[in-house]
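Chemist: This is the content of target11.cif (mmCIF, C-alpha atoms):
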data_upload
loop_
_atom_site.label_atom_id
_atom_site.label_comp_id
_atom_site.auth_asym_id
_atom_site.auth_seq_id
_atom_site.Cartn_x
_atom_site.Cartn_y
_atom_site.Cartn_z
CA MET A 478 -107.81 -78.19 -32.60
CA LYS A 479 -110.23 -81.02 -31.84
CA VAL A 480 -112.76 -81.95 -34.50
CA LEU A 481 -115.98 -83.89 -33.99
CA VAL A 482 -116.77 -86.10 -37.01
CA THR A 483 -120.17 -87.77 -37.18
CA GLY A 484 -120.65 -90.82 -39.37
CA ALA A 485 -116.95 -91.54 -38.90
CA ALA A 486 -117.25 -95.14 -40.11
CA GLY A 487 -118.96 -94.12 -43.38
CA GLN A 488 -117.33 -93.91 -46.77
CA VAL A 489 -116.61 -90.18 -46.40
CA GLY A 490 -116.18 -90.08 -42.62
CA SER A 491 -113.59 -92.87 -42.53
CA ARG A 492 -111.46 -91.09 -45.09
CA LEU A 493 -111.99 -87.70 -43.46
CA VAL A 494 -110.70 -88.79 -40.05
CA ARG A 495 -107.51 -90.10 -41.67
CA LEU A 496 -107.04 -86.79 -43.46
CA LEU A 497 -107.55 -84.83 -40.24
CA LEU A 498 -105.11 -87.03 -38.33
CA GLN A 499 -102.59 -86.59 -41.14
CA HIS A 500 -102.86 -82.82 -40.60
CA ARG A 501 -102.37 -83.27 -36.85
CA TYR A 502 -105.89 -82.56 -35.67
CA GLU A 503 -107.35 -84.33 -32.67
CA VAL A 504 -110.47 -86.25 -33.66
CA ARG A 505 -113.56 -87.35 -31.78
CA ALA A 506 -115.21 -89.90 -34.04
CA VAL A 507 -118.89 -90.74 -33.61
CA VAL A 508 -120.18 -94.15 -34.70
CA LEU A 509 -123.42 -96.03 -34.22
CA PRO A 510 -123.35 -98.84 -31.66
CA ASP A 511 -122.37 -102.15 -33.29
CA ASP A 512 -121.66 -100.45 -36.62
CA PRO A 513 -120.09 -103.19 -38.80
CA MET A 514 -118.07 -100.55 -40.65
CA ARG A 515 -116.27 -99.53 -37.47
CA VAL A 516 -113.41 -101.79 -38.64
CA ARG A 517 -112.48 -98.97 -41.02
CA LEU A 518 -111.26 -97.06 -37.98
CA ASN A 519 -109.09 -99.81 -36.52
CA GLY A 520 -105.64 -98.66 -35.46
CA LEU A 521 -106.35 -94.93 -35.69
CA ALA A 522 -105.19 -92.78 -32.77
CA MET A 523 -108.38 -90.91 -31.93
CA GLU A 524 -111.31 -90.86 -29.54
CA ILE A 525 -114.20 -93.07 -30.69
CA VAL A 526 -117.63 -92.49 -29.18
CA GLU A 527 -120.61 -94.79 -29.72
CA GLY A 528 -124.12 -93.39 -29.69
CA ASN A 529 -127.18 -92.33 -31.65
CA LEU A 530 -127.49 -88.75 -32.88
CA LEU A 531 -131.26 -89.02 -32.45
CA ASP A 532 -130.56 -88.79 -28.71
CA LEU A 533 -130.27 -85.05 -28.01
CA ALA A 534 -128.69 -85.60 -24.58
CA PHE A 535 -125.96 -87.71 -26.20
CA VAL A 536 -125.39 -85.06 -28.85
CA GLU A 537 -125.09 -82.30 -26.26
CA ARG A 538 -122.41 -84.33 -24.47
CA ILE A 539 -120.28 -85.02 -27.56
CA VAL A 540 -120.12 -81.38 -28.69
CA GLU A 541 -118.54 -80.40 -25.39
CA GLY A 542 -114.82 -79.77 -25.69
CA VAL A 543 -114.53 -79.77 -29.48
CA ASP A 544 -113.49 -76.82 -31.64
CA ALA A 545 -115.20 -77.78 -34.90
CA ILE A 546 -117.89 -80.18 -36.14
CA ILE A 547 -118.09 -81.95 -39.49
CA HIS A 548 -121.44 -83.68 -39.91
CA THR A 549 -121.14 -86.53 -42.42
CA ALA A 550 -123.67 -88.94 -40.84
CA ASN A 551 -126.35 -89.77 -43.37
CA PHE A 552 -128.66 -92.58 -44.52
CA VAL A 553 -128.79 -92.70 -48.33
CA SER A 554 -132.33 -93.96 -48.71
CA GLY A 555 -135.73 -92.76 -49.80
CA SER A 556 -137.50 -94.29 -46.81
CA VAL A 557 -139.49 -92.35 -44.23
CA GLU A 558 -137.15 -93.68 -41.55
CA ALA A 559 -134.11 -92.28 -43.37
CA PHE A 560 -135.83 -88.89 -43.81
CA HIS A 561 -136.57 -88.73 -40.09
CA ASN A 562 -133.04 -89.80 -39.21
CA ASN A 563 -131.31 -87.35 -41.54
CA VAL A 564 -133.46 -84.39 -40.55
CA MET A 565 -133.55 -84.99 -36.80
CA THR A 566 -129.87 -85.87 -36.39
CA THR A 567 -129.01 -82.68 -38.24
CA PHE A 568 -131.39 -80.70 -36.05
CA ASN A 569 -129.99 -82.17 -32.84
CA LEU A 570 -126.40 -81.53 -33.83
CA ALA A 571 -127.03 -77.98 -35.09
CA TYR A 572 -129.13 -77.18 -32.01
CA ALA A 573 -126.41 -78.42 -29.65
CA ALA A 574 -123.70 -76.67 -31.65
CA GLY A 575 -125.66 -73.43 -31.58
CA LYS A 576 -125.27 -73.30 -27.81
CA HIS A 577 -121.51 -73.07 -28.36
CA ALA A 578 -121.59 -70.80 -31.41
CA ASP A 579 -119.26 -68.25 -29.79
CA ARG A 580 -116.40 -70.74 -29.45
CA LEU A 581 -116.91 -73.19 -32.34
CA HIS A 582 -114.56 -72.53 -35.23
CA ARG A 583 -116.84 -74.14 -37.82
CA PHE A 584 -119.86 -76.35 -38.39
CA VAL A 585 -119.54 -78.15 -41.73
CA HIS A 586 -122.66 -79.91 -42.97
CA ILE A 587 -122.67 -82.41 -45.82
CA SER A 588 -125.78 -82.00 -47.94
CA SER A 589 -126.18 -83.37 -51.48
CA SER A 590 -126.36 -82.26 -55.10
CA ALA A 591 -129.83 -83.86 -55.02
CA VAL A 592 -131.16 -80.51 -53.79
CA TYR A 593 -130.90 -79.10 -57.35
CA PRO A 594 -131.15 -81.95 -58.53
CA ASN A 595 -128.34 -82.52 -61.02
CA ASP A 596 -129.87 -85.92 -61.82
CA SER A 597 -130.94 -85.17 -65.39
CA HIS A 598 -132.57 -88.61 -65.61
CA ILE A 599 -135.05 -87.43 -62.97
CA LEU A 600 -135.52 -83.74 -63.78
CA ALA A 601 -133.92 -81.78 -66.60
CA PRO A 602 -131.54 -79.16 -65.11
CA CYS A 603 -132.18 -75.54 -66.03
CA TYR A 604 -128.66 -75.47 -67.48
CA HIS A 605 -125.33 -77.30 -67.60
CA PRO A 606 -123.07 -77.45 -65.73
CA VAL A 607 -125.07 -77.26 -62.52
CA ASP A 608 -123.57 -74.67 -60.17
CA GLU A 609 -124.51 -73.40 -56.71
CA GLY A 610 -126.81 -70.75 -58.16
CA HIS A 611 -129.02 -73.34 -59.84
CA PRO A 612 -132.65 -73.36 -58.61
CA LYS A 613 -133.28 -75.82 -55.79
CA ARG A 614 -136.01 -78.27 -56.79
CA PRO A 615 -135.48 -81.43 -54.72
CA ILE A 616 -137.47 -84.45 -55.84
CA GLY A 617 -138.12 -87.43 -53.60
CA VAL A 618 -137.85 -88.17 -49.90
CA TYR A 619 -134.05 -88.30 -49.71
CA ALA A 620 -133.50 -85.02 -51.61
CA SER A 621 -136.20 -83.26 -49.60
CA GLY A 622 -134.56 -84.40 -46.37
CA LYS A 623 -131.21 -83.00 -47.44
CA TRP A 624 -132.82 -79.67 -48.35
CA VAL A 625 -134.58 -79.50 -44.98
CA GLY A 626 -131.25 -80.25 -43.30
CA GLU A 627 -129.65 -77.29 -45.04
CA GLN A 628 -132.43 -74.99 -43.89
CA ILE A 629 -131.93 -76.16 -40.32
CA VAL A 630 -128.24 -75.30 -40.26
CA TRP A 631 -128.75 -71.97 -42.05
CA ASP A 632 -131.46 -71.05 -39.54
CA MET A 633 -129.16 -71.96 -36.66
CA ALA A 634 -126.46 -69.77 -38.20
CA ARG A 635 -128.86 -66.82 -38.37
CA THR A 636 -130.20 -67.43 -34.87
CA THR A 637 -126.96 -68.05 -32.96
CA GLY A 638 -124.12 -66.83 -35.17
CA LEU A 639 -122.87 -70.40 -35.67
CA ARG A 640 -120.18 -70.36 -38.39
CA VAL A 641 -121.67 -72.75 -40.94
CA ALA A 642 -120.46 -74.10 -44.27
CA VAL A 643 -122.37 -76.56 -46.47
CA ILE A 644 -120.95 -78.89 -49.09
CA ARG A 645 -122.95 -80.67 -51.78
CA PRO A 646 -121.17 -83.72 -53.17
CA THR A 647 -122.41 -85.71 -56.15
CA ALA A 648 -122.38 -89.47 -56.77
CA ILE A 649 -119.72 -90.41 -54.23
CA VAL A 650 -117.70 -93.54 -55.03
CA SER A 651 -115.15 -95.49 -53.02
CA ASP A 652 -113.39 -98.86 -53.02
CA ASP A 653 -114.12 -100.30 -56.51
CA LYS A 654 -117.57 -98.78 -57.10
CA VAL A 655 -116.43 -96.47 -59.92
CA LEU A 656 -115.94 -99.48 -62.22
CA ALA A 657 -119.66 -100.28 -62.26
CA ARG A 658 -120.77 -96.83 -63.42
CA TRP A 659 -119.97 -97.39 -67.11
CA THR A 660 -121.64 -100.75 -67.67
CA VAL A 661 -124.69 -102.07 -69.52
CA ASN A 662 -126.39 -102.56 -66.17
CA PHE A 663 -125.78 -98.93 -65.13
CA VAL A 664 -126.90 -97.54 -68.51
CA CYS A 665 -130.15 -99.49 -68.29
CA GLN A 666 -130.74 -98.25 -64.74
CA VAL A 667 -130.43 -94.66 -65.95
CA LEU A 668 -132.70 -95.22 -68.97
CA ARG A 669 -135.36 -96.96 -66.87
CA THR A 670 -135.29 -94.16 -64.30
CA GLY A 671 -135.70 -91.63 -67.10
CA GLN A 672 -138.72 -93.51 -68.40
CA LYS A 673 -140.42 -92.97 -65.05
CA HIS A 674 -139.84 -89.20 -65.16
CA PRO A 675 -141.39 -87.38 -68.16
CA GLN A 676 -139.68 -84.14 -67.04
CA SER A 677 -136.24 -85.73 -67.26
CA GLU A 678 -133.69 -84.89 -69.92
CA ILE A 679 -133.69 -88.45 -71.26
CA TYR A 680 -137.37 -89.39 -71.19
CA LEU A 681 -138.13 -92.18 -73.67
CA PRO A 682 -141.52 -93.92 -73.63
CA ASP A 683 -139.89 -97.04 -75.14
CA ALA A 684 -136.84 -97.09 -72.85
CA GLU A 685 -137.76 -100.55 -71.55
CA GLU A 686 -137.67 -102.00 -75.07
CA ILE A 687 -134.28 -100.36 -75.70
CA CYS A 688 -132.91 -101.79 -72.46
CA ARG A 689 -134.14 -105.29 -73.26
CA GLU A 690 -132.48 -105.14 -76.65
CA LEU A 691 -129.23 -103.91 -75.14
CA GLU A 692 -129.32 -106.59 -72.44
CA ALA A 693 -129.93 -109.25 -75.10
CA ASN A 694 -126.74 -108.16 -76.87
CA ALA A 695 -124.36 -107.92 -73.91
CA PRO A 696 -123.96 -109.15 -70.32
CA PRO A 697 -124.86 -106.64 -67.59
CA GLU A 698 -121.22 -106.24 -66.50
CA ALA A 699 -120.03 -105.38 -70.02
CA LEU A 700 -118.73 -101.85 -70.49
CA CYS A 701 -121.01 -99.66 -72.57
CA ASP A 702 -119.73 -97.00 -74.96
CA ILE A 703 -123.09 -95.27 -75.25
CA ARG A 704 -123.83 -92.28 -77.47
CA ASP A 705 -126.84 -90.33 -78.63
CA SER A 706 -128.21 -90.28 -82.17
CA GLU A 707 -125.73 -87.52 -83.08
CA GLY A 708 -122.78 -89.60 -81.92
CA ARG A 709 -122.15 -87.60 -78.75
CA PRO A 710 -121.04 -89.73 -75.76
CA TRP A 711 -122.91 -89.81 -72.49
CA MET A 712 -121.08 -87.92 -69.71
CA GLN A 713 -120.83 -88.14 -65.95
CA GLN A 714 -118.87 -86.56 -63.09
CA VAL A 715 -118.69 -88.83 -60.06
CA VAL A 716 -116.51 -87.87 -57.09
CA ASP A 717 -114.10 -89.94 -55.05
CA ALA A 718 -114.82 -90.13 -51.32
CA ARG A 719 -111.24 -89.01 -50.65
CA ASP A 720 -111.90 -85.79 -52.56
CA VAL A 721 -115.14 -85.24 -50.61
CA ALA A 722 -113.08 -85.59 -47.42
CA GLN A 723 -110.72 -82.94 -48.76
CA GLY A 724 -113.69 -80.66 -49.48
CA CYS A 725 -114.89 -81.05 -45.87
CA TRP A 726 -111.43 -80.21 -44.56
CA ARG A 727 -111.10 -77.10 -46.76
CA ALA A 728 -114.57 -75.92 -45.73
CA MET A 729 -113.50 -76.22 -42.10
CA GLU A 730 -110.16 -74.48 -42.64
CA GLU A 731 -111.00 -71.49 -44.80
CA THR A 732 -112.69 -68.34 -43.48
CA ALA A 733 -114.22 -67.77 -46.92
CA ALA A 734 -116.33 -70.89 -46.40
CA ILE A 735 -118.46 -69.32 -43.67
CA GLY A 736 -122.05 -68.81 -44.80
CA GLU A 737 -121.46 -70.51 -48.15
CA ALA A 738 -122.42 -73.74 -49.93
CA PHE A 739 -120.01 -75.55 -52.24
CA ASN A 740 -120.37 -78.19 -54.91
CA ILE A 741 -117.85 -80.99 -54.48
CA SER A 742 -117.21 -83.09 -57.57
CA ALA A 743 -114.48 -84.75 -59.62
CA PRO A 744 -111.74 -82.81 -61.45
CA ARG A 745 -113.75 -82.86 -64.67
CA LEU A 746 -116.68 -84.30 -66.59
CA VAL A 747 -115.82 -87.68 -68.17
CA ALA A 748 -117.19 -89.23 -71.37
CA PHE A 749 -118.34 -92.84 -71.26
CA SER A 750 -116.13 -93.50 -74.29
CA GLU A 751 -113.03 -92.38 -72.36
CA ALA A 752 -113.82 -94.30 -69.18
CA VAL A 753 -114.83 -97.45 -71.04
CA SER A 754 -111.63 -97.43 -73.09
CA LEU A 755 -109.52 -96.94 -69.97
CA ILE A 756 -111.20 -99.71 -67.97
CA ALA A 757 -111.26 -102.15 -70.87
CA GLU A 758 -107.54 -101.66 -71.51
CA ARG A 759 -106.72 -102.51 -67.89
CA THR A 760 -109.24 -105.28 -67.24
CA GLY A 761 -110.01 -106.90 -70.56
CA GLN A 762 -113.74 -106.45 -69.96
CA PRO A 763 -115.93 -106.69 -73.08
CA VAL A 764 -117.21 -103.45 -74.59
CA VAL A 765 -120.51 -102.92 -76.35
CA GLN A 766 -121.16 -99.83 -78.47
CA TRP A 767 -124.71 -98.57 -78.35
CA GLN A 768 -126.72 -95.63 -79.62
CA VAL A 769 -129.91 -94.17 -78.19
CA PRO A 770 -131.97 -91.08 -79.09
CA VAL A 771 -131.04 -89.18 -75.93
CA ARG A 772 -127.87 -87.97 -74.20
CA TRP A 773 -127.34 -88.24 -70.45
CA VAL A 774 -125.17 -85.56 -68.84
CA PHE A 775 -124.56 -85.74 -65.09
CA ASP A 776 -122.39 -82.81 -64.02
CA LEU A 777 -121.68 -80.51 -61.08
CA ASP A 778 -119.56 -77.37 -61.37
CA ASN A 779 -116.95 -77.07 -58.59
CA THR A 780 -115.44 -73.74 -59.66
CA LYS A 781 -116.63 -71.95 -56.52
CA ALA A 782 -115.00 -74.49 -54.18
CA LYS A 783 -111.75 -74.27 -56.13
CA SER A 784 -111.64 -70.49 -56.09
CA LEU A 785 -112.90 -69.72 -52.56
CA ILE A 786 -111.61 -72.55 -50.37
CA GLY A 787 -108.77 -74.04 -52.38
CA TYR A 788 -110.51 -77.33 -53.19
CA ARG A 789 -108.21 -79.36 -55.42
CA PRO A 790 -109.78 -82.70 -56.42
CA GLN A 791 -106.99 -85.21 -56.99
CA TRP A 792 -108.81 -88.37 -58.03
CA ASP A 793 -109.47 -88.11 -61.77
CA ILE A 794 -110.87 -91.04 -63.76
CA ASP A 795 -107.44 -92.57 -64.35
CA ALA A 796 -106.53 -92.44 -60.65
CA MET A 797 -109.96 -93.72 -59.54
CA VAL A 798 -109.80 -96.69 -61.92
CA GLN A 799 -106.29 -97.62 -60.82
CA SER A 800 -107.30 -97.32 -57.17
CA ALA A 801 -110.38 -99.50 -57.76
CA LEU A 802 -108.29 -102.21 -59.41
CA THR A 803 -105.80 -102.10 -56.55
CA PHE A 804 -108.68 -102.48 -54.11
CA ARG A 805 -109.97 -105.54 -55.98
CA GLN A 806 -106.53 -107.13 -55.87
CA THR A 807 -105.56 -106.31 -52.29
CA GLY A 808 -108.75 -105.39 -50.44
CA LYS A 809 -107.13 -102.07 -49.55
CA GLU A 810 -107.69 -98.63 -51.01
CA PRO A 811 -104.59 -96.49 -51.67
CA THR A 812 -104.43 -93.32 -49.57
CA THR A 813 -102.49 -91.36 -52.19
CA ILE A 814 -102.24 -91.45 -55.97
CA GLY A 815 -99.49 -93.80 -57.10
CA ASP A 816 -99.56 -96.07 -54.04
#
Written as structure tokens, how would this file's structure read?
Modeler:
Amino acid sequence: MKVLVTGAAGQVGSRLVRLLLQHRYEVRAVVLPDDPMRVRLNGLAMEIVEGNLLDLAFVERIVEGVDAIIHTANFVSGSVEAFHNNVMTTFNLAYAAGKHADRLHRFVHISSSAVYPNDSHILAPCYHPVDEGHPKRPIGVYASGKWVGEQIVWDMARTTGLRVAVIRPTAIVSDDKVLARWTVNFVCQVLRTGQKHPQSEIYLPDAEEICRELEANAPPEALCDIRDSEGRPWMQQVVDARDVAQGCWRAMEETAAIGEAFNISAPRLVAFSEAVSLIAERTGQPVVQWQVPVRWVFDLDNTKAKSLIGYRPQWDIDAMVQSALTFRQTGKEPTTIGD
């Protein structure tokens, strides 16, 4: 089987093509001309095609001769340009794929958990954990673009019979990025965002004053064991890009994925106290303990993906931290746990 992967040089795409090659698929990888991240694909035995998905004629050419499509290409930005790019590239690809609906095994589209959103610092979720049945209330240009993209592929499925599956990852991390998500700087970013959104779960009118006090007591890179006024730790559930790649692969493989959307997240929700302790033990970074009146919970339930398509996230907080430290030391990210 030959698989077309868009955004192949991205943080998910570059890991996905390796996974597909490992499972003996042929791969046609699409990259933007002069993409500086193309180096991620060096040495891989696959077809690499340069072009812009905004060009419908180009898109119609690249879907010829493939058996499945996994659309990872995406600009993570709230700009008008990114909205146009994300919506129109999805339209072009789905439109071209729809012409071959009778022969295509699967069209897998990467959306985002922002369609709910599960960002409780922007809008309080209706409940925790956030599952696929949660109301869709996208906020902002990026989230709206991802929601429009989903509607495009669902419409194409209804119109042409295209076998579609959608995955919704949350807070994707790669390389060493997971290490920064438990710091004073990150905590203050979340609190300041919450201050701008009165409908958030952590709205505090004086959040700026709290952040300034925290920043006066610790450097921005210090780890932050943050808790609410009842002593409960903040929680978050980021996902490793290698697990997102696995989710894409399973959505392409399994018949049960057709016509369904799946949350793709880490093995479990992690407390700041646990992650901070783990990172501090291995790096010697300073730790500051802090208490605020609110509790941030950033979660995404992946039960459906586990039960229907056999999604098995491998990169828990321990494995992600060890991988991040290896990356900092060697400049290379392990491909398997324990490398």
Chemist: Do you know which residues the PyMOL selection byres ((chain A and resi 651) around 10) returns on this file, as a list in words?
Modeler: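 Applying the PyMOL selection byres ((chain A and resi 651) around 10) to the structure shown produces Gln488, Val489, Arg492, Ile649, Val650, Asp652, Asp653, Lys654, Val655, Val716, Asp717, Ala718, Arg719, Met797, Ser800, Ala801, Phe804 and Glu810 of chain A.
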Chemist: Can you tell me how far atom CA of Ala743 of chain A sits from atom CA of Ala571 of chain A, in Å to one decimal?
Modeler: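 According to the coordinates, atom CA of Ala743 of chain A and atom CA of Ala571 of chain A are separated by 28.4 Å.
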Chemist: Once the PyMOL selection byres ((chain A and resi 695) around 10) has been evaluated on this model, what residues remain selected, and can you format them as a list in words?
Modeler: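 Going through the file, the PyMOL selection byres ((chain A and resi 695) around 10) ends up selecting Thr660, Val661, Asn662, Glu690, Leu691, Glu692, Ala693, Asn694, Pro696, Pro697, Glu698, Ala699, Leu700, Cys701, Pro763, Val764, Val765 and Gln766 of chain A.
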Chemist: Taking into account all atoms listed in the file, which residue in the set A:Arg538, A:Arg580, A:Arg645, A:His598 is nearest to Val664 of chain A?
Modeler: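 Distance minimum relative to Val664 of chain A lands on A:His598.
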Chemist: Starting from the PyMOL selection byres ((chain A and resi 621) around 12), expand the selection into actual residues of this file and give them as a PyMOL selection string.
Modeler: chain A and resi 554-557+559-561+563-564+588-594+613-620+622-628
Chemist: In the coordinates of the file, take the point (-105.8, -97.0, -63.1) and a cut-off of 10 Å; then, counting all atoms listed in the file, name each qualifying protein, DNA or RNA residue as a list in words.
Modeler: Leu755, Ile756, Glu758, Arg759, Thr760, Asp793, Ile794, Asp795, Ala796, Met797, Val798, Gln799, Ser800, Ala801, Leu802, Thr803, Ile814 and Gly815 of chain A
Chemist: Do you have the atom CA of Gly575 of chain A-atom CA of Val543 of chain A distance handy?
Modeler: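 Atom CA of Val543 of chain A lies at a distance of 13.0 Å from atom CA of Gly575 of chain A.
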Chemist: Could you tell me how far atom CA of Lys673 of chain A sits from atom CA of Arg772 of chain A, in Å to one decimal place?
Modeler: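 Computing the Euclidean distance for atom CA of Arg772 of chain A and atom CA of Lys673 of chain A yields 16.3 Å.
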Chemist: Counting all atoms listed in the file, figure out which residue out of A:Asn551, A:Asn562, A:Thr670, A:Ser750 gets nearest to Arg709 of chain A.
Modeler: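 Answer, going by the shortest atom-to-atom distance: A:Ser750.
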Chemist: Please determine, counting all atoms listed in the file, which residue among A:Thr567, A:Gln672, A:Ala757, A:Thr732 has the shortest atom-to-atom distance to Leu533 of chain A.
Modeler: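 The closest residue to Leu533 of chain A is A:Thr567.
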Chemist: Report, as AutoDock Vina command-line options, the centre and edge lengths in Å (one decimal) of the axis-aligned box enclosing every listed atom of segment 525-543 of chain A, padded by 8 Å on each side.
Modeler:
--center_x -122.7 --center_y -87.3 --center_z -28.7 --size_x 33.1 --size_y 31.0 --size_z 24.4
Chemist: Mind listing as a list of chain:residue names all residues within 12 Å of (-132.2, -92.5, -79.0), counting all atoms listed in the file?
Modeler: A:Leu668, A:Glu678, A:Ile679, A:Tyr680, A:Leu681, A:Pro682, A:Asp683, A:Ala684, A:Glu686, A:Ile687, A:Cys688, A:Ile703, A:Arg704, A:Asp705, A:Ser706, A:Glu707, A:Gly708, A:Arg709, A:Pro710, A:Trp711, A:Trp767, A:Gln768, A:Val769, A:Pro770, A:Val771, A:Arg772, A:Trp773
Chemist: Near Ala728 of chain A, counting all atoms listed in the file, which residues have an atom at most 8 Å away, once you skip same-chain residues fewer than 4 positions from it, shown as a ChimeraX atom specification?
Modeler: /A:585,642-644,724,734-735,786
Chemist: In terms of the shortest atom-to-atom distance over all atoms listed in the file, which of A:Ser597, A:Asn529, A:Thr637, A:Ser491 is closest to Ala573 of chain A?
Modeler: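 Of A:Ser597, A:Asn529, A:Thr637, A:Ser491, the one nearest Ala573 of chain A, counting all atoms listed in the file, is A:Thr637.
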Chemist: Taking all atoms listed in the file into account, which of A:Val536, A:Ala486, A:Val480, A:Leu531 comes nearest Val516 of chain A?
Modeler: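 Closest to Val516 of chain A of all the choices is A:Ala486.
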